[in-house]
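Visitor: Below: one structure in structure tokens.
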Amino acid sequence: MTLSHADIRVMARAVGLELPDSDIADVAARTNALLQAVTDVENAFGARLSEHEPIPPVYPTNPFH
Amino acid sequence: MDDDALAALTLGEQSALIRDRLLSPVELTATHLARIEALNPTLNAYITVTAEHAVAAAQTAADEIAQGLYRGPLHGVTYGVKDQLFTKVAPTTLAWHVLRDNHVPTDAAAVERMDDAGAILLGKHNLDQFGKGGATSWDFGEPKNPWNLRHSPTGSSQGSASAVAAGLCSAAIGEDTGGSVRMPAAACGLVGLRPTFGRVSRFGGYLFGWTADTIGPFTRTVKDNALLLEVLAGYDPRDPLSVNCPVPRYTEALTGELTGLRIGVVTNLATSDALRDDVKTQFDAAVDTLRSLGATVVAVELPSAAYAVPLLMLTSDVDVATQLLRQYLRGQYNEVDYGVRTRLAAAALMPAAAYATAMQARAVVRAEVLAQFHTVDCLVTPMTPQPAPTVGRKIEPLSSPEDFWGAVVKSRMFAYPFSLANTPALSVPNGLTDAEGLPIGFQIIAAPFREDLVYRVGHAYEQVTEWHTRRPQTSWPKEVNE
């Protein structure tokens, strides 16, 4: 699914951003590119995704130090 | 010694002269300030020059050394800091005109540590606005690469790399989220480190990419870099993700030999079609050199490397956009650079589910990278696939998914996997391009907290090569300056 310029305007309003007309096309392209990339990653990683917790990259019990 | 010769020395060479009282910190500071005055109007490396503070600090250092109160190898040498980190003596602008007079009453932990070591702050270095790569306008002038003024030093720690390469300071402190120290270091013929996340305190700066931002040094040699990290590294309770583990003497790891080390060449990066031929040739030569030094070189693969780019870009940009949305974007959107604001606006619109998925996927990539260190001591890759881009660039093309997986991913996929994995990564000069005479670098990566290993490999490479001894000539023809 590709978000339209109108979709982007509504989404921006939802976070309190009023985007000027000059920016809509680029913001839409970037938003769609990132969302498509997440879909691509989901497809590529498959079940492996569910095996990992989304924790920050820190090592509280680090085997390396 | 004339000013050009003094400025061409490494930090270690300048430091040795100061220690032996053959050079005064006052003279070194005056030399660097004079070069800044002469060259900064062309290079735009500094946003703010703290000359008055520097002259006073240099005199204090000279007095202390004369009294036998020598603090160590950074005593009396000079440095600059990316204008993303706080300094009491100068505003912190994030390269944004709105923050031109933004005085913060504290120093970054990194600045405190440099000052405690006796180093002399010369000023704040230029960067892509907000420290986000992709700026298309420059409120304080576009930084230039001293090796070729038609080219960028590469972002986002642009001014820091330009300043060290041109001899406008002895060293610099930058910030690396997705390569912002390593890539400009490569583009300017310098050594640049991304340390393990948690190794250097993030206290005291605009570091809103809270799961990826690291602070790292720019220097001319690996040994100089190790000297700086010995000062910068260490636990700081003011940074909640600072790690409380001992700081090794990194300089003691610089043995000059690699016998017994297993080094993995990341073949899917080393043979990528994104690499320009001369970059690939020089990388292959660097690998041969490591082999000749006694390392066992093996091939490894990181199949998920390219995925690191959207994953880090999405999550880090969301983190930054979330903060800046509250702080600036809602109220002053049109004051922000076009390339930066559209990038941040897109990040601000990401659904929470996409962010959480990306954070999970980051852990997958991280596990893939860390698994390598069960069989090898270090990984090596080219640092960037191409030399530094030209100045005056426009916004990156993003009109289709092909643009994203093409231009955006291919330029970053050498740096981002190791940001996600939270491993130390060092960029070391390994050549000059054929056509433009621009520096290129290769990257050495080790397991978390093994900065000693990346330094050991980089230093051994330097001992048998001469790329780190090259300097850009800085007496540019008049027409090039215009």
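The way I read the labels, and the way they are meant: chains A, B, ... in the order of the structure tokens, residue 1 as the first residue of every chain, and ligand 1 as the first ligand shown, with later ones counted on from there.
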Provide as a PyMOL selection string the residues of chain B at most 7 Å from chain A, counting only C-alpha atoms.
Guide: chain B and resi 211+307+310+314+330+342-343+345-346+349+354+356+358-361+363-364+398-399+401+404+421-422+447-449
Visitor: Take the residues that were just selected and, keeping C-alpha atoms, output them as a PDB file, in the first residue's frame.
Guide:
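The resulting out-v5.pdb:
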ATOM      1  CA  THR B 211      20.199   3.892  21.087  1.00  0.00           C
ATOM      2  CA  TYR B 307      18.884  -4.197   5.964  1.00  0.00           C
ATOM      3  CA  PRO B 310      16.577   1.259   6.832  1.00  0.00           C
ATOM      4  CA  LEU B 314      14.066   4.500  10.764  1.00  0.00           C
ATOM      5  CA  ARG B 330       5.968  22.063  15.408  1.00  0.00           C
ATOM      6  CA  THR B 342      11.436  16.324   5.366  1.00  0.00           C
ATOM      7  CA  ARG B 343      13.547  13.444   6.676  1.00  0.00           C
ATOM      8  CA  ALA B 345       8.846  14.728   9.281  1.00  0.00           C
ATOM      9  CA  ALA B 346       8.727  11.319   7.618  1.00  0.00           C
ATOM     10  CA  LEU B 349       4.890   9.799  10.953  1.00  0.00           C
ATOM     11  CA  ALA B 354       6.846  -0.165  12.312  1.00  0.00           C
ATOM     12  CA  ALA B 356       8.911  -1.790  17.188  1.00  0.00           C
ATOM     13  CA  ALA B 358      12.490  -2.294  13.215  1.00  0.00           C
ATOM     14  CA  MET B 359      13.862  -2.503  16.754  1.00  0.00           C
ATOM     15  CA  GLN B 360      13.304  -6.276  16.738  1.00  0.00           C
ATOM     16  CA  ALA B 361      14.965  -6.526  13.338  1.00  0.00           C
ATOM     17  CA  ALA B 363      18.453  -7.285  17.180  1.00  0.00           C
ATOM     18  CA  VAL B 364      18.506  -9.850  14.346  1.00  0.00           C
ATOM     19  CA  LEU B 398      13.662   9.020  -3.076  1.00  0.00           C
ATOM     20  CA  SER B 399      10.951   8.873  -5.667  1.00  0.00           C
ATOM     21  CA  PRO B 401      11.744   2.067  -3.514  1.00  0.00           C
ATOM     22  CA  PHE B 404      16.003   3.794  -1.504  1.00  0.00           C
ATOM     23  CA  ALA B 421      25.620  -4.279  16.433  1.00  0.00           C
ATOM     24  CA  ASN B 422      27.209  -1.829  18.861  1.00  0.00           C
ATOM     25  CA  ALA B 447      33.625  -7.375  19.406  1.00  0.00           C
ATOM     26  CA  PRO B 448      32.109  -4.896  21.863  1.00  0.00           C
ATOM     27  CA  PHE B 449      34.685  -3.257  24.143  1.00  0.00           C
TER      28      PHE B 449
END
Visitor: Using DSSP on the backbone, list every residue of chain A that comes out as helix (DSSP H, G or I), and give them as a PyMOL selection string.
Guide: chain A and resi 5-14+21-51
Visitor: Take atom CA of B:Ala7 and atom CA of B:Pro429 and report the distance between them in Å, one decimal.
Guide: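 These atoms are spaced 18.9 Å apart.
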Visitor: Just the number, please: distance in Å from atom CA of B:Leu39 to atom CA of B:Gly167, one decimal.
Guide: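 Taking atom CA of B:Leu39 and atom CA of B:Gly167, their separation equals 9.7 Å.
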Visitor: Could you give me, as number ranges by chain, the residues within 12 Å of B:Asp288, counting only C-alpha atoms and dropping anything in the same chain fewer than 3 positions from it?
Guide: B: 263, 265, 281-285, 291-298, 380, 430, 461, 464-465
Visitor: Need the shell around B:Asn145: protein/DNA/RNA residues with any atom at most 10 Å away, counting only C-alpha atoms. Skip same-chain ones fewer than 5 positions apart. Format as a list of chain:residue names?
Guide: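 Using only C-alpha atoms, the neighbours found are B:Thr42, B:Leu43, B:Asn44, B:Ala45, B:Arg150, B:His151, B:Ser152, B:Pro153, B:Thr154, B:Gln158, B:Gly159, B:Ala161, B:Ser162, B:Ala163, B:Ala165, B:Ala166, B:Pro184, B:Ala187, B:Cys188, B:Ala388, B:Pro389, B:Thr390, B:Val391, B:Leu438, B:Pro472.
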Visitor: Pick from B:Gly12, B:Pro237, B:Gly179, B:Gly441: nearest to B:Ser201, with only C-alpha atoms counted?
Guide: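 The shortest atom-to-atom distance to B:Ser201 comes from B:Pro237.
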Visitor: When you count only C-alpha atoms, which of these residues is closest to B:Phe373: B:Arg450, B:His97, B:Lys132, B:His459?
Guide: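 Going through B:Arg450, B:His97, B:Lys132, B:His459 one by one, the smallest distance to B:Phe373 is for B:Arg450.
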Visitor: As an exercise, work out the distance from atom CA of B:Val77 to atom CA of B:Gly133 in Å and give it to one decimal place.
Guide: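 Computed distance, atom CA of B:Val77 to atom CA of B:Gly133, equals 29.6 Å.
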Visitor: What's around B:Phe130 at 10 Å? Count only C-alpha atoms, leave out sequence neighbours fewer than 3 positions away in its own chain, and write the answer as a list of chain:residue names.
Guide: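 Listing them by chain and then by number gives B:Asp83, B:Gln84, B:Thr93, B:Leu94, B:Ala95, B:Trp96, B:Leu127, B:Gly133, B:Ala135, B:Ser156, B:Tyr206, B:Leu207, B:Phe208, B:Val320, B:Leu324, B:Val336, B:Asp337, B:Val340, B:Arg341.
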